[in-house]
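Text of entry26.cif (mmCIF, C-alpha atoms) as supplied:
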```cif
data_my_file
#
loop_
_atom_site.label_atom_id
_atom_site.label_comp_id
_atom_site.auth_asym_id
_atom_site.auth_seq_id
_atom_site.Cartn_x
_atom_site.Cartn_y
_atom_site.Cartn_z
CA MET A 1 18.64 -7.89 -30.23
CA THR A 2 20.15 -10.57 -32.48
CA VAL A 3 21.08 -13.82 -30.82
CA SER A 4 23.04 -16.53 -32.54
CA THR A 5 21.22 -19.85 -32.94
CA SER A 6 24.47 -21.80 -33.17
CA THR A 7 25.42 -24.10 -30.33
CA GLU A 8 28.97 -22.76 -30.47
CA PRO A 9 30.28 -19.20 -30.12
CA LYS A 10 31.07 -17.46 -33.37
CA VAL A 11 34.68 -16.96 -32.37
CA PRO A 12 36.31 -19.85 -30.50
CA ALA A 13 37.86 -18.69 -27.27
CA PRO A 14 41.66 -18.89 -27.09
CA ARG A 15 43.25 -21.31 -24.67
CA GLY A 16 44.83 -20.33 -21.40
CA GLY A 17 44.18 -17.35 -19.21
CA SER A 18 42.96 -15.16 -22.07
CA ALA A 19 40.13 -17.65 -22.66
CA GLY A 20 38.73 -16.97 -19.20
CA ALA A 21 39.03 -13.22 -19.68
CA ALA A 22 37.33 -13.38 -23.07
CA GLY A 23 34.57 -15.57 -21.66
CA GLY A 24 34.05 -13.16 -18.80
CA GLN A 25 33.81 -10.22 -21.18
CA GLU A 26 31.28 -12.10 -23.31
CA ARG A 27 29.13 -12.86 -20.26
CA VAL A 28 29.24 -9.23 -19.12
CA SER A 29 28.38 -8.04 -22.61
CA ALA A 30 25.49 -10.51 -22.86
CA PHE A 31 24.25 -9.48 -19.41
CA TRP A 32 24.13 -5.77 -20.27
CA SER A 33 22.64 -6.46 -23.71
CA LEU A 34 19.81 -8.49 -22.19
CA SER A 35 19.20 -5.93 -19.47
CA ARG A 36 19.08 -3.12 -22.00
CA ALA A 37 16.72 -5.11 -24.24
CA MET A 38 14.35 -5.73 -21.32
CA LEU A 39 14.35 -2.06 -20.31
CA LEU A 40 13.73 -0.90 -23.86
CA GLY A 41 10.95 -3.48 -24.24
CA MET A 42 9.23 -2.19 -21.12
CA LYS A 43 9.67 1.40 -22.30
CA ARG A 44 8.05 0.62 -25.64
CA ASP A 45 5.17 -1.26 -24.00
CA ARG A 46 3.15 1.69 -22.77
CA THR A 47 0.49 -0.54 -21.23
CA ALA A 48 3.06 -2.33 -19.08
CA THR A 49 4.65 0.97 -18.09
CA PHE A 50 1.27 2.34 -17.04
CA PHE A 51 0.26 -0.63 -14.92
CA ILE A 52 3.67 -1.09 -13.30
CA LEU A 53 4.65 2.54 -12.63
CA LEU A 54 1.66 4.86 -13.03
CA PHE A 55 -1.32 2.76 -11.93
CA PRO A 56 -0.01 2.30 -8.34
CA LEU A 57 0.76 6.03 -8.25
CA VAL A 58 -2.87 6.77 -9.18
CA PHE A 59 -3.91 4.82 -6.06
CA LEU A 60 -1.49 6.83 -3.92
CA VAL A 61 -2.83 10.13 -5.25
CA PHE A 62 -6.44 8.96 -4.82
CA PHE A 63 -6.11 7.68 -1.26
CA GLY A 64 -3.73 10.51 -0.34
CA SER A 65 -6.24 13.09 -1.54
CA LEU A 66 -9.03 11.41 0.44
CA ALA A 67 -6.91 11.36 3.58
CA LYS A 68 -5.77 14.93 3.06
CA GLY A 69 -9.35 16.17 2.71
CA ASN A 70 -10.64 14.11 5.61
CA ASN A 71 -8.93 16.01 8.41
CA SER A 72 -12.13 17.58 9.75
CA PRO A 73 -13.98 15.50 12.39
CA HIS A 74 -17.17 17.56 11.99
CA ALA A 75 -20.55 15.93 12.51
CA LYS A 76 -23.74 17.48 11.15
CA VAL A 77 -26.24 18.14 13.95
CA ALA A 78 -29.69 19.76 13.72
CA GLN A 79 -30.80 21.85 16.70
CA VAL A 80 -34.59 22.02 17.00
CA GLY A 81 -35.70 25.27 18.62
CA ALA A 82 -33.79 26.81 21.52
CA VAL A 83 -31.40 24.67 23.53
CA LYS A 84 -30.24 26.75 26.49
CA LEU A 85 -27.09 24.72 27.12
CA PHE A 86 -25.72 25.22 23.61
CA ASP A 87 -27.10 28.72 23.01
CA SER A 88 -25.38 30.03 26.15
CA MET A 89 -21.94 28.72 25.22
CA GLN A 90 -19.48 31.50 24.33
CA GLY A 91 -15.78 32.16 23.99
CA GLU A 92 -13.30 29.29 23.94
CA GLY A 93 -15.93 26.67 24.78
CA ARG A 94 -18.02 27.60 21.74
CA THR A 95 -14.94 27.64 19.52
CA GLU A 96 -13.98 24.13 20.58
CA LEU A 97 -17.55 22.91 20.04
CA ASP A 98 -17.62 24.37 16.51
CA LYS A 99 -14.51 22.35 15.70
CA VAL A 100 -16.38 19.06 16.11
CA LEU A 101 -20.03 19.93 15.41
CA THR A 102 -21.72 21.79 12.58
CA ILE A 103 -25.03 22.85 14.14
CA THR A 104 -27.99 23.80 11.91
CA ARG A 105 -31.03 25.43 13.52
CA THR A 106 -34.53 24.26 12.58
CA ASP A 107 -38.07 24.28 14.05
CA ASP A 108 -39.45 21.15 12.36
CA GLU A 109 -38.97 18.29 14.82
CA ALA A 110 -40.70 15.57 12.75
CA GLY A 111 -39.04 16.58 9.50
CA THR A 112 -35.63 16.82 11.15
CA LEU A 113 -36.02 13.39 12.74
CA GLN A 114 -36.79 11.96 9.31
CA LYS A 115 -33.65 13.59 7.90
CA VAL A 116 -31.60 11.97 10.68
CA ARG A 117 -33.04 8.58 9.68
CA LYS A 118 -32.11 9.24 6.03
CA GLY A 119 -28.58 10.34 6.95
CA ASP A 120 -28.92 14.02 6.02
CA PHE A 121 -28.02 14.83 9.63
CA ASP A 122 -25.94 12.75 12.02
CA ALA A 123 -28.09 13.68 15.02
CA MET A 124 -30.82 15.97 16.33
CA ILE A 125 -30.61 17.95 19.59
CA MET A 126 -33.53 19.63 21.32
CA GLN A 127 -34.53 21.02 24.71
CA GLY A 128 -36.57 18.60 26.84
CA PRO A 129 -38.47 19.15 30.08
CA ASP A 130 -36.62 20.11 33.28
CA GLY A 131 -33.54 21.27 31.37
CA LYS A 132 -32.95 17.86 29.81
CA VAL A 133 -30.96 17.83 26.54
CA GLU A 134 -32.45 15.25 24.20
CA LEU A 135 -30.13 13.68 21.61
CA ARG A 136 -31.54 11.60 18.75
CA PHE A 137 -28.97 9.90 16.54
CA SER A 138 -28.65 7.20 13.90
CA ALA A 139 -26.79 4.00 14.78
CA ALA A 140 -25.87 3.36 11.13
CA ASP A 141 -22.39 4.76 11.82
CA THR A 142 -21.52 3.38 15.26
CA VAL A 143 -18.23 5.24 15.49
CA ARG A 144 -19.80 8.63 14.77
CA ALA A 145 -22.73 7.85 17.06
CA GLY A 146 -20.38 7.06 19.93
CA ALA A 147 -18.39 10.23 19.29
CA LEU A 148 -21.56 12.36 19.31
CA GLN A 149 -22.70 10.90 22.63
CA GLY A 150 -19.26 11.56 24.10
CA ILE A 151 -19.28 15.17 22.92
CA VAL A 152 -22.74 15.93 24.29
CA ASN A 153 -21.99 14.19 27.59
CA SER A 154 -18.81 16.21 27.92
CA VAL A 155 -20.68 19.48 27.32
CA VAL A 156 -23.37 18.54 29.89
CA GLN A 157 -20.81 17.54 32.53
CA SER A 158 -18.87 20.77 32.05
CA ALA A 159 -22.08 22.77 32.42
CA ASN A 160 -23.04 20.87 35.60
CA GLN A 161 -19.63 21.52 37.16
CA ALA A 162 -19.84 25.21 36.28
CA ALA A 163 -23.35 25.42 37.82
CA THR A 164 -22.33 23.78 41.11
CA GLY A 165 -18.98 25.52 41.34
CA GLN A 166 -17.27 22.24 42.22
CA LYS A 167 -13.91 21.24 40.79
CA PRO A 168 -13.82 17.82 39.18
CA ALA A 169 -12.54 15.09 41.50
CA TYR A 170 -10.61 13.38 38.70
CA VAL A 171 -8.95 14.79 35.63
CA VAL A 172 -7.85 12.85 32.54
CA ASP A 173 -4.49 13.77 31.02
CA ALA A 174 -4.73 12.33 27.48
CA GLN A 175 -1.75 12.69 25.16
CA GLN A 176 -1.03 11.22 21.75
CA VAL A 177 2.02 8.94 21.77
CA GLU A 178 2.94 9.59 18.14
CA ASP A 179 4.34 12.78 16.72
CA GLN A 180 1.62 15.40 16.39
CA SER A 181 2.36 15.67 12.67
CA LEU A 182 1.31 12.04 12.09
CA LYS A 183 -1.19 11.82 9.24
CA PRO A 184 -3.04 9.02 7.44
CA ILE A 185 -0.51 9.25 4.60
CA GLN A 186 2.07 7.82 7.04
CA PHE A 187 0.15 4.54 6.98
CA LEU A 188 -1.01 4.63 3.37
CA THR A 189 2.36 5.10 1.65
CA PRO A 190 4.18 1.95 2.91
CA GLY A 191 1.17 -0.27 2.14
CA LEU A 192 0.60 1.07 -1.36
CA LEU A 193 4.34 1.01 -2.06
CA GLY A 194 4.49 -2.66 -1.07
CA TRP A 195 1.58 -3.44 -3.36
CA ALA A 196 3.24 -1.58 -6.25
CA VAL A 197 6.54 -3.44 -5.79
CA ALA A 198 4.75 -6.80 -5.58
CA THR A 199 2.69 -6.09 -8.70
CA GLY A 200 5.69 -5.01 -10.78
CA ALA A 201 7.91 -7.93 -9.76
CA VAL A 202 5.29 -10.70 -10.05
CA PHE A 203 3.78 -9.58 -13.35
CA GLY A 204 7.14 -8.60 -14.85
CA ALA A 205 8.73 -12.00 -14.19
CA ALA A 206 5.67 -14.10 -15.11
CA LEU A 207 4.76 -12.33 -18.35
CA THR A 208 8.38 -12.04 -19.50
CA LEU A 209 9.01 -15.74 -18.97
CA VAL A 210 5.83 -16.86 -20.79
CA GLY A 211 6.25 -14.28 -23.56
CA TRP A 212 9.83 -15.31 -24.23
CA ARG A 213 8.90 -18.99 -24.26
CA LYS A 214 5.99 -18.38 -26.64
CA SER A 215 8.06 -16.25 -29.03
CA LYS A 216 10.94 -18.81 -28.97
CA VAL A 217 13.33 -16.29 -27.40
CA LEU A 218 14.15 -18.76 -24.63
CA ARG A 219 14.97 -21.41 -27.21
CA ARG A 220 17.38 -19.09 -28.98
CA LEU A 221 18.95 -18.05 -25.69
CA ARG A 222 19.39 -21.69 -24.74
CA LEU A 223 21.25 -22.39 -27.98
CA ALA A 224 23.31 -19.20 -27.73
CA PRO A 225 26.53 -18.93 -25.70
CA ILE A 226 24.59 -17.36 -22.82
CA SER A 227 24.12 -19.09 -19.47
CA ALA A 228 20.81 -19.30 -17.63
CA GLY A 229 22.44 -17.34 -14.81
CA THR A 230 23.07 -14.42 -17.18
CA VAL A 231 19.43 -14.39 -18.28
CA VAL A 232 18.12 -14.55 -14.70
CA SER A 233 20.54 -11.93 -13.36
CA SER A 234 19.59 -9.48 -16.11
CA ARG A 235 15.91 -9.97 -15.24
CA ILE A 236 16.74 -9.36 -11.57
CA VAL A 237 18.54 -6.11 -12.38
CA VAL A 238 15.61 -4.84 -14.45
CA SER A 239 13.14 -5.73 -11.68
CA LEU A 240 15.31 -4.01 -9.06
CA LEU A 241 15.62 -0.86 -11.17
CA THR A 242 11.85 -0.82 -11.65
CA ALA A 243 11.24 -1.28 -7.90
CA PHE A 244 13.71 1.47 -6.97
CA LEU A 245 12.05 3.80 -9.49
CA GLN A 246 8.65 3.01 -7.96
CA THR A 247 10.01 3.69 -4.48
CA THR A 248 11.55 7.01 -5.52
CA VAL A 249 8.38 8.22 -7.23
CA PHE A 250 6.19 7.19 -4.28
CA LEU A 251 8.33 8.91 -1.68
CA VAL A 252 8.74 12.09 -3.75
CA VAL A 253 5.00 12.40 -4.41
CA ALA A 254 3.99 11.51 -0.83
CA THR A 255 6.46 13.93 0.79
CA SER A 256 5.95 16.77 -1.69
CA PHE A 257 2.17 16.78 -2.04
CA PHE A 258 0.66 14.86 0.90
CA GLY A 259 2.91 15.74 3.83
CA LEU A 260 4.61 12.39 4.42
CA LYS A 261 7.17 12.73 7.24
CA LEU A 262 10.13 10.36 6.94
CA THR A 263 12.07 9.13 9.97
CA GLY A 264 15.85 9.11 10.23
CA ASN A 265 16.22 5.49 9.09
CA TRP A 266 13.93 5.78 6.07
CA TRP A 267 16.80 4.68 3.79
CA LEU A 268 16.39 1.13 5.14
CA VAL A 269 13.39 0.83 2.84
CA ILE A 270 15.85 0.48 -0.06
CA PRO A 271 17.36 -2.89 0.99
CA LEU A 272 13.88 -3.93 2.14
CA VAL A 273 12.47 -3.28 -1.33
CA ALA A 274 15.43 -5.09 -2.92
CA CYS A 275 14.84 -8.24 -0.85
CA ALA A 276 11.08 -8.03 -1.40
CA THR A 277 11.58 -7.71 -5.15
CA LEU A 278 13.49 -10.99 -5.20
CA ALA A 279 10.72 -12.65 -3.17
CA PHE A 280 7.97 -11.40 -5.48
CA MET A 281 10.03 -12.24 -8.55
CA SER A 282 10.17 -15.84 -7.35
CA ILE A 283 6.35 -15.86 -7.27
CA GLY A 284 6.33 -14.53 -10.84
CA LEU A 285 8.87 -17.14 -11.96
CA LEU A 286 6.71 -19.89 -10.46
CA ALA A 287 3.60 -18.53 -12.19
CA GLY A 288 5.48 -18.20 -15.48
CA SER A 289 6.82 -21.75 -15.17
CA VAL A 290 3.40 -23.37 -14.90
CA ALA A 291 1.48 -21.06 -17.25
CA LYS A 292 1.45 -21.87 -20.95
CA THR A 293 0.01 -18.59 -22.26
CA GLU A 294 0.31 -14.92 -21.34
CA GLU A 295 -3.39 -14.87 -20.47
CA ALA A 296 -2.90 -17.74 -18.04
CA ALA A 297 0.17 -16.05 -16.52
CA ASN A 298 -1.80 -12.84 -16.08
CA GLY A 299 -4.69 -14.70 -14.45
CA ILE A 300 -2.45 -16.64 -12.07
CA SER A 301 -0.59 -13.46 -11.12
CA GLN A 302 -3.85 -11.62 -10.46
CA LEU A 303 -5.09 -14.54 -8.36
CA ILE A 304 -1.97 -14.26 -6.21
CA VAL A 305 -1.34 -10.52 -5.99
CA LEU A 306 -4.85 -9.17 -5.35
CA PRO A 307 -5.78 -11.43 -2.39
CA MET A 308 -2.28 -11.03 -0.98
CA SER A 309 -2.62 -7.24 -1.13
CA PHE A 310 -5.88 -7.21 0.84
CA LEU A 311 -4.79 -9.91 3.29
CA SER A 312 -1.47 -8.18 3.96
CA GLY A 313 -2.84 -4.80 5.04
CA SER A 314 -1.76 -2.86 1.95
CA PHE A 315 -5.14 -1.18 1.58
CA ILE A 316 -6.91 -1.69 4.93
CA PRO A 317 -5.54 -2.47 8.42
CA LEU A 318 -6.01 -5.97 9.79
CA ASP A 319 -6.28 -4.97 13.47
CA SER A 320 -9.94 -5.96 13.77
CA SER A 321 -9.71 -9.03 11.52
CA PRO A 322 -10.39 -12.56 12.79
CA GLY A 323 -7.48 -14.47 14.27
CA TRP A 324 -7.37 -17.03 11.46
CA LEU A 325 -7.08 -14.25 8.88
CA LYS A 326 -4.13 -12.72 10.73
CA THR A 327 -2.50 -16.17 10.81
CA VAL A 328 -2.92 -16.52 7.04
CA SER A 329 -1.40 -13.09 6.47
CA GLU A 330 1.74 -14.08 8.39
CA VAL A 331 2.82 -16.45 5.60
CA MET A 332 2.58 -13.74 2.95
CA PRO A 333 5.77 -11.81 2.12
CA LEU A 334 3.84 -8.62 1.41
CA LYS A 335 2.54 -8.49 5.00
CA HIS A 336 6.09 -8.44 6.37
CA LEU A 337 7.27 -5.90 3.79
CA VAL A 338 4.42 -3.51 4.65
CA THR A 339 5.00 -3.86 8.41
CA ALA A 340 8.76 -3.33 8.15
CA ALA A 341 8.36 -0.44 5.68
CA GLN A 342 5.94 1.31 8.03
CA SER A 343 8.42 0.86 10.86
CA VAL A 344 11.46 2.34 9.09
CA LEU A 345 9.64 4.98 7.06
CA THR A 346 7.29 6.55 9.59
CA ARG A 347 7.61 4.96 13.05
CA GLY A 348 11.29 5.44 13.81
CA GLY A 349 12.30 1.80 13.36
CA GLY A 350 15.93 0.83 12.89
CA VAL A 351 18.10 -1.93 11.45
CA MET A 352 16.77 -4.61 13.79
CA ASP A 353 13.23 -3.87 12.62
CA ALA A 354 14.20 -4.47 9.00
CA LEU A 355 16.88 -7.18 9.22
CA PRO A 356 14.63 -10.15 10.21
CA THR A 357 12.19 -9.24 7.45
CA MET A 358 14.95 -9.06 4.86
CA GLY A 359 16.24 -12.47 5.93
CA GLY A 360 12.74 -13.97 5.73
CA LEU A 361 12.13 -12.48 2.29
CA LEU A 362 15.41 -13.87 0.94
CA LEU A 363 14.60 -17.32 2.35
CA PHE A 364 11.15 -17.17 0.76
CA ALA A 365 12.76 -16.19 -2.57
CA ALA A 366 15.24 -19.07 -2.39
CA VAL A 367 12.55 -21.71 -1.71
CA LEU A 368 10.14 -20.54 -4.43
CA THR A 369 12.94 -20.04 -6.96
CA GLY A 370 14.04 -23.63 -6.34
CA ILE A 371 10.50 -24.87 -6.97
CA ALA A 372 10.22 -22.71 -10.10
CA TRP A 373 13.56 -24.08 -11.33
CA LYS A 374 12.21 -27.64 -11.07
CA LEU A 375 9.10 -26.73 -13.06
CA PHE A 376 10.88 -24.51 -15.59
CA LYS A 377 10.69 -25.38 -19.30
CA TRP A 378 12.67 -23.75 -22.08
CA GLU A 379 10.00 -24.55 -24.67
CA ASP A 380 6.32 -25.42 -24.79
CA ALA A 381 5.71 -29.15 -24.62
#
```
Starting from the file, lay out its structure as structure tokens.
Amino acid sequence: MTVSTSTEPKVPAPRGGSAGAAGGQERVSAFWSLSRAMLLGMKRDRTATFFILLFPLVFLVFFGSLAKGNNSPHAKVAQVGAVKLFDSMQGEGRTELDKVLTITRTDDEAGTLQKVRKGDFDAMIMQGPDGKVELRFSAADTVRAGALQGIVNSVVQSANQAATGQKPAYVVDAQQVEDQSLKPIQFLTPGLLGWAVATGAVFGAALTLVGWRKSKVLRRLRLAPISAGTVVSSRIVVSLLTAFLQTTVFLVVATSFFGLKLTGNWWLVIPLVACATLAFMSIGLLAGSVAKTEEAANGISQLIVLPMSFLSGSFIPLDSSPGWLKTVSEVMPLKHLVTAAQSVLTRGGGVMDALPTMGGLLLFAAVLTGIAWKLFKWEDA
């Protein structure tokens, strides 16, 4: 793209109404030329394309594959010798037990106990005196240990009721509140999508601003008949197109290969992503305004995006986090994007679940853009 270094337009605009029309046409032409140049630049930069579009998708495929292959709740249990309670189970009861336990028979009590300590088995079951069922387990995985105790207790209680012929006095009716098709991918996709959008917008704005300043492109644009608004709006359009492309790719891959189920208002993620892109762009503009080199801009962006991703629940839930950590996450735009995206994509949320978040993101963008504008420099000092 060739930009004039003259302080005046090449062709003076005529007076009157045609001057305004000509000026408007020039601004539109400059806007599309800048937007096209940015898109072509990103297309030619294969490294940028990989880290903005493909790298987040690699995370989705990786975590999606782990979640898809982790549907079996099986625990590995070693049965030492004969255990009457388990050996006598048949029919539907045995089928249900096999769904949660993989039982391996062995006669070596000491060796098996050592394997439980090493983690080769999750627990050891053997027949004790007076019909007692002895369970030896490792407490290294507290969740699995609790589940094993619950399973064995349930089997023992059922056997006791069958032996006495008494009906249970109380019965638990447990039902899942979510749709039975709910899968881990329902929670993974919105979080990873939010991280991808944040990464693309922050790094794109910061590195573009510093790169243009370093290569004197900003200086030439300042001297050319192009307003700062035209430059910023073209950058916004490119960032929005990138974010929408990321969203499309994520949803297509998650629904086609990992069983993501979208709710009726899933389309609300589009305006959510648009507002979030502006918020994350403002972070990138601030980073690009204070950084003097591309290395510094990259470092500042990493320092912002990575902690924000972990503290916002993009990768891991924050339900069991300390209260102060949850308070810190509330000031981060990514936390609100992830929560709202989960609501509209997979939990049946509607407009009122997304609207407050969109308003907050736009307010955040306005404040940080104002700060970045104050710190902005056309050229290196």
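Those residues positioned at most 8 Å from (9.4, -6.6, -11.4) are Val197, Ala198, Thr199, Gly200, Ala201, Val202, Phe203, Gly204, Ala205, Ile236, Val238, Ser239, Leu240, Thr242, Ala243, Thr277, Phe280 and Met281 of chain A, judged using all atoms listed in the file.
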With C-alpha atoms kept, could you save the residues just selected as a PDB file, keeping the file's coordinate frame?
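Saved the output as result_33.pdb:
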```
ATOM      1  CA  VAL A 197       6.540  -3.440  -5.790  1.00  0.00           C
ATOM      2  CA  ALA A 198       4.750  -6.800  -5.580  1.00  0.00           C
ATOM      3  CA  THR A 199       2.690  -6.090  -8.700  1.00  0.00           C
ATOM      4  CA  GLY A 200       5.690  -5.010 -10.780  1.00  0.00           C
ATOM      5  CA  ALA A 201       7.910  -7.930  -9.760  1.00  0.00           C
ATOM      6  CA  VAL A 202       5.290 -10.700 -10.050  1.00  0.00           C
ATOM      7  CA  PHE A 203       3.780  -9.580 -13.350  1.00  0.00           C
ATOM      8  CA  GLY A 204       7.140  -8.600 -14.850  1.00  0.00           C
ATOM      9  CA  ALA A 205       8.730 -12.000 -14.190  1.00  0.00           C
ATOM     10  CA  ILE A 236      16.740  -9.360 -11.570  1.00  0.00           C
ATOM     11  CA  VAL A 238      15.610  -4.840 -14.450  1.00  0.00           C
ATOM     12  CA  SER A 239      13.140  -5.730 -11.680  1.00  0.00           C
ATOM     13  CA  LEU A 240      15.310  -4.010  -9.060  1.00  0.00           C
ATOM     14  CA  THR A 242      11.850  -0.820 -11.650  1.00  0.00           C
ATOM     15  CA  ALA A 243      11.240  -1.280  -7.900  1.00  0.00           C
ATOM     16  CA  THR A 277      11.580  -7.710  -5.150  1.00  0.00           C
ATOM     17  CA  PHE A 280       7.970 -11.400  -5.480  1.00  0.00           C
ATOM     18  CA  MET A 281      10.030 -12.240  -8.550  1.00  0.00           C
TER      19      MET A 281
END
```
For this structure, which residues satisfy the selection - the PyMOL selection byres ((chain A and resi 137-146) around 7) - when it is evaluated on the file as given? I want them as a JSON list (two decimals) with C-alpha atoms, keeping the file's coordinate frame.
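Wrote it out as part.json, contents follow:
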```
[["chain", "number", "residue", "atom", "x", "y", "z"],
["A", 116, "VAL", "CA", -31.60, 11.97, 10.68],
["A", 117, "ARG", "CA", -33.04, 8.58, 9.68],
["A", 122, "ASP", "CA", -25.94, 12.75, 12.02],
["A", 123, "ALA", "CA", -28.09, 13.68, 15.02],
["A", 124, "MET", "CA", -30.82, 15.97, 16.33],
["A", 135, "LEU", "CA", -30.13, 13.68, 21.61],
["A", 136, "ARG", "CA", -31.54, 11.60, 18.75],
["A", 147, "ALA", "CA", -18.39, 10.23, 19.29],
["A", 148, "LEU", "CA", -21.56, 12.36, 19.31],
["A", 149, "GLN", "CA", -22.70, 10.90, 22.63],
["A", 150, "GLY", "CA", -19.26, 11.56, 24.10]]
```
Matched chain/residue IDs from the PyMOL selection byres ((chain A and resi 156) around 12), as a PyMOL selection string: chain A and resi 83-86+89+131-135+149-155+157-163
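Of note, CA of Arg235 (chain A) and CA of Ser343 (chain A) are spaced 29.2 Å apart.
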What lies within 12 Å of Trp212 (chain A) using all atoms listed in the file, ignoring chain neighbours under 6 positions off, as a PyMOL selection string? chain A and resi 38+41+204-206+218-222+231+288-289+292-294+377-380
Taking (-2.8, 5.3, -7.3) in the file's coordinates as the center, which residues reach within 12 Å of it, counting all atoms listed in the file, put as a PyMOL selection string? chain A and resi 50-66+188-189+191-193+195-196+246+249-250+253-254+315
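Distances to Trp266 (chain A) were evaluated for A:Ala354, A:Ala37, A:Ile283, A:Val367 using only C-alpha atoms, and the minimum falls at A:Ala354.
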List the residues selected by the PyMOL selection byres ((chain A and resi 375) around 10) in the file shown, writing them as a VMD selection string. chain A and resid 285 to 290 369 to 374 376 to 377
Atomic separation - CA of Leu337 (chain A) relative to CA of Leu325 (chain A), Å: 17.4 Å
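In this model, the gap between CA of Ser233 (chain A) and CA of Gly194 (chain A) comes to 22.2 Å.
When only C-alpha atoms are used to compute distances to Leu361 (chain A), the closest of the residues A:Asn298, A:Asp319, A:Asp120, A:Cys275 turns out to be A:Cys275.
Closest to Val210 (chain A) among A:Gly284, A:Gly93, A:Gly360, A:Gly349 is A:Gly284, based on only C-alpha atoms.
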